[in-house]
>>> print(open('final-v7.csv').read())   # CSV, C-alpha atoms
chain,number,residue,atom,x,y,z
A,1,MET,CA,17.3,25.4,35.3
A,2,LYS,CA,15.3,23.0,37.3
A,3,HIS,CA,12.1,25.1,36.7
A,4,ARG,CA,12.7,25.0,33.0
A,5,TYR,CA,12.5,21.2,33.0
A,6,ILE,CA,9.4,21.2,35.1
A,7,PHE,CA,7.6,23.6,32.7
A,8,LEU,CA,8.8,21.4,29.8
A,9,PHE,CA,7.5,18.3,31.5
A,10,ILE,CA,4.1,19.9,32.2
A,11,GLY,CA,3.9,21.2,28.7
A,12,LEU,CA,4.5,17.8,27.2
A,13,MET,CA,1.9,16.2,29.6
A,14,VAL,CA,-0.7,18.8,28.5
A,15,PHE,CA,0.1,18.1,24.8
A,16,TRP,CA,-0.2,14.3,25.2
A,17,ALA,CA,-3.4,14.7,27.2
A,18,CYS,CA,-5.0,16.9,24.5
A,19,THR,CA,-4.1,14.7,21.6
A,20,SER,CA,-5.6,11.2,21.4
A,21,LEU,CA,-4.3,8.5,19.2
A,22,ASN,CA,-7.3,6.9,17.5
A,23,VAL,CA,-5.9,4.0,15.5
A,24,PHE,CA,-7.3,0.6,14.6
A,25,GLU,CA,-4.7,-1.8,13.2
A,26,LYS,CA,-4.8,-5.5,12.9
A,27,SER,CA,-2.8,-7.8,10.7
A,28,VAL,CA,-2.6,-11.6,10.2
A,29,PRO,CA,0.7,-13.5,10.0
A,30,PHE,CA,1.1,-16.1,7.3
A,31,PRO,CA,2.7,-19.4,8.3
A,32,ASN,CA,6.1,-20.0,6.7
A,33,HIS,CA,5.9,-16.5,5.2
A,34,VAL,CA,3.7,-17.8,2.4
A,35,TRP,CA,0.3,-16.1,1.4
A,36,SER,CA,-2.0,-18.4,-0.6
A,37,SER,CA,-4.9,-16.9,-2.5
A,38,THR,CA,-7.2,-19.1,-0.4
A,39,ASP,CA,-6.0,-17.3,2.8
A,40,THR,CA,-8.4,-14.4,3.0
A,41,PRO,CA,-8.0,-12.5,6.3
A,42,SER,CA,-10.9,-10.4,7.4
A,43,PHE,CA,-10.8,-7.4,9.8
A,44,HIS,CA,-13.8,-6.1,11.7
A,45,PHE,CA,-14.2,-2.7,13.3
A,46,ASN,CA,-17.0,-0.4,14.5
A,47,ILE,CA,-17.3,3.3,13.6
A,48,THR,CA,-19.1,5.4,16.3
A,49,ASP,CA,-17.8,9.0,15.4
A,50,THR,CA,-19.4,10.2,12.2
A,51,ASN,CA,-18.0,13.7,12.6
A,52,ALA,CA,-14.4,12.6,12.1
A,53,LEU,CA,-12.6,11.7,8.9
A,54,TYR,CA,-10.6,8.5,8.5
A,55,ASN,CA,-7.5,7.5,6.6
A,56,LEU,CA,-7.4,3.9,5.6
A,57,TYR,CA,-4.3,1.8,4.9
A,58,VAL,CA,-3.4,-1.7,3.9
A,59,VAL,CA,-0.6,-3.0,6.1
A,60,PHE,CA,1.8,-5.2,4.1
A,61,ARG,CA,5.0,-6.7,5.6
A,62,HIS,CA,7.4,-8.8,3.7
A,63,GLU,CA,11.0,-10.0,3.6
A,64,ASP,CA,13.6,-8.3,1.5
A,65,ALA,CA,13.6,-11.4,-0.7
A,66,TYR,CA,10.0,-10.6,-1.9
A,67,ARG,CA,10.3,-10.7,-5.7
A,68,TYR,CA,7.9,-8.0,-6.9
A,69,LYS,CA,7.7,-4.2,-6.8
A,70,ASN,CA,3.9,-4.4,-6.3
A,71,VAL,CA,1.1,-6.4,-4.8
A,72,TRP,CA,-2.4,-6.9,-6.3
A,73,LEU,CA,-5.2,-7.4,-3.9
A,74,HIS,CA,-8.9,-8.2,-4.2
A,75,ILE,CA,-10.6,-6.2,-1.4
A,76,THR,CA,-14.1,-6.8,-0.2
A,77,VAL,CA,-15.7,-4.1,2.0
A,78,HIS,CA,-18.8,-4.6,4.1
A,79,ASP,CA,-20.1,-1.3,5.4
A,80,PRO,CA,-23.4,-0.7,7.3
A,81,ASP,CA,-25.4,-0.3,4.0
A,82,SER,CA,-23.7,-2.3,1.3
A,83,THR,CA,-21.0,-4.7,0.2
A,84,TYR,CA,-18.5,-4.0,-2.6
A,85,SER,CA,-15.4,-5.6,-4.0
A,86,PHE,CA,-12.6,-4.3,-6.2
A,87,ASN,CA,-9.0,-5.2,-7.3
A,88,ARG,CA,-6.2,-2.8,-6.5
A,89,GLU,CA,-2.5,-2.6,-7.2
A,90,PHE,CA,-0.3,-1.2,-4.5
A,91,THR,CA,3.3,-0.1,-5.4
A,92,LEU,CA,5.9,-1.3,-3.0
A,93,ALA,CA,9.2,-0.2,-4.7
A,94,ASN,CA,10.6,2.2,-7.2
A,95,SER,CA,14.0,2.4,-8.9
A,96,ALA,CA,15.6,3.6,-5.6
A,97,GLY,CA,14.3,0.6,-3.6
A,98,TRP,CA,11.5,-0.3,-1.2
A,99,LEU,CA,9.0,2.5,-0.4
A,100,GLY,CA,8.2,1.1,3.1
A,101,THR,CA,10.2,1.1,6.3
A,102,ALA,CA,13.0,-1.5,6.3
A,103,MET,CA,14.7,-3.0,9.3
A,104,ASP,CA,17.2,-5.8,8.6
A,105,ASP,CA,15.5,-7.9,6.0
A,106,ILE,CA,11.9,-7.0,6.9
A,107,VAL,CA,10.0,-4.3,5.0
A,108,ASP,CA,6.9,-2.7,6.5
A,109,HIS,CA,4.4,-0.8,4.3
A,110,ARG,CA,1.4,1.3,5.2
A,111,LEU,CA,-0.2,1.7,1.8
A,112,PRO,CA,-2.9,4.4,1.5
A,113,PHE,CA,-6.2,3.0,0.7
A,114,ASN,CA,-8.0,6.3,0.0
A,115,ALA,CA,-6.6,9.4,-1.7
A,116,VAL,CA,-8.4,11.8,0.7
A,117,PRO,CA,-9.7,11.2,4.2
A,118,ALA,CA,-13.1,9.4,4.2
A,119,LYS,CA,-16.2,10.2,6.1
A,120,LEU,CA,-17.5,6.8,7.3
A,121,LYS,CA,-21.1,5.9,8.4
A,122,LYS,CA,-21.8,4.7,11.9
A,123,GLY,CA,-21.8,0.9,12.2
A,124,GLU,CA,-19.9,-2.3,11.7
A,125,TYR,CA,-17.3,-2.6,8.9
A,126,SER,CA,-15.3,-5.5,7.6
A,127,PHE,CA,-12.4,-5.7,5.1
A,128,THR,CA,-11.3,-8.9,3.5
A,129,LEU,CA,-8.0,-9.1,1.7
A,130,GLN,CA,-7.1,-11.7,-0.9
A,131,GLN,CA,-3.8,-11.6,-2.8
A,132,ILE,CA,-4.3,-12.0,-6.6
A,133,MET,CA,-0.8,-12.1,-7.8
A,134,ARG,CA,0.2,-14.6,-10.6
A,135,GLU,CA,2.5,-16.4,-8.2
A,136,ASP,CA,0.3,-18.5,-5.9
A,137,PRO,CA,1.2,-19.0,-3.1
A,138,LEU,CA,3.0,-15.7,-2.8
A,139,GLN,CA,6.4,-16.2,-1.1
A,140,HIS,CA,8.2,-14.0,1.5
A,141,VAL,CA,5.1,-12.3,2.9
A,142,LEU,CA,5.0,-12.0,6.7
A,143,ASN,CA,1.6,-10.5,7.2
A,144,ALA,CA,-1.2,-8.3,5.8
A,145,GLY,CA,-3.8,-6.2,7.5
A,146,ILE,CA,-5.8,-3.0,7.8
A,147,ARG,CA,-5.0,0.3,9.5
A,148,ILE,CA,-7.7,2.9,10.2
A,149,VAL,CA,-6.6,6.3,11.5
A,150,LYS,CA,-9.2,8.8,12.9
A,151,ILE,CA,-8.6,12.4,12.1
A,152,ALA,CA,-10.1,14.7,14.7
A,153,PRO,CA,-12.9,16.9,13.4
>>> encode(input="final-v7.csv", output="structure tokens")
Amino acid sequence: MKHRYIFLFIGLMVFWACTSLNVFEKSVPFPNHVWSSTDTPSFHFNITDTNALYNLYVVFRHEDAYRYKNVWLHITVHDPDSTYSFNREFTLANSAGWLGTAMDDIVDHRLPFNAVPAKLKKGEYSFTLQQIMREDPLQHVLNAGIRIVKIAP
């Protein structure tokens, strides 16, 4: 019985050693849980592995009292070669409730930014988020950010 636990422990250690978690995640808290359209958090990261694919997410955390089923964002991306901006709606709820993970009155969303994993160029990137909802400032928002997950080649 004792040997079984030793083999299990060694197996788990080998598994953890062979899998690396390659995640970049940063978010910015909003004072008093209010996000004004003039608050435009920027997030900077560097890509060195051009063989890997990446999943990109918008991180959005709000209180249960948030009044909308969505959030509209103006996103500006600076990649090594160019700069581009676009508006994007992210769905936060459906008829069954919040789509994110809820704990007490806090709801946490990881909203997919790209439909399929992206191949990114080597270099510096920055993402800037601006809320463009009709309500300004937007109430009951705790923080917003970016999450980049590297998928091994």
>>> atom_distance(input="final-v7.csv", atom1="CA of Thr76 (chain A)", atom2="CA of Gln131 (chain A)")
11.7 Å
>>> atom_distance(input="final-v7.csv", atom1="CA of Pro31 (chain A)", atom2="CA of Asp79 (chain A)")
29.3 Å
>>> atom_distance(input="final-v7.csv", atom1="CA of Ile75 (chain A)", atom2="CA of Ala115 (chain A)")
16.1 Å
>>> closest_residue(input="final-v7.csv", among="A:Gly145, A:Pro80, A:Pro29, A:Gly123", to="Thr48 (chain A)", atoms="only C-alpha atoms")
A:Gly123
>>> residues_around(input="final-v7.csv", residues="Lys150 (chain A)", least_positions_apart="6", cutoff="7 Å", atoms="only C-alpha atoms", output="PyMOL selection string")
chain A and resi 22-23+52-55
>>> residues_near_point(input="final-v7.csv", point="(-5.9, -12.9, -7.7)", cutoff="8 Å", atoms="all atoms listed in the file", output="ChimeraX atom specification")
/A:37,72-74,130-134
>>> closest_residue(input="final-v7.csv", among="A:Val116, A:Val77, A:Ile106, A:Ile146", to="Tyr57 (chain A)", atoms="only C-alpha atoms")
A:Ile146
>>> closest_residue(input="final-v7.csv", among="A:Val34, A:Ile47, A:Val141, A:Leu56", to="Asn114 (chain A)", atoms="only C-alpha atoms")
A:Leu56
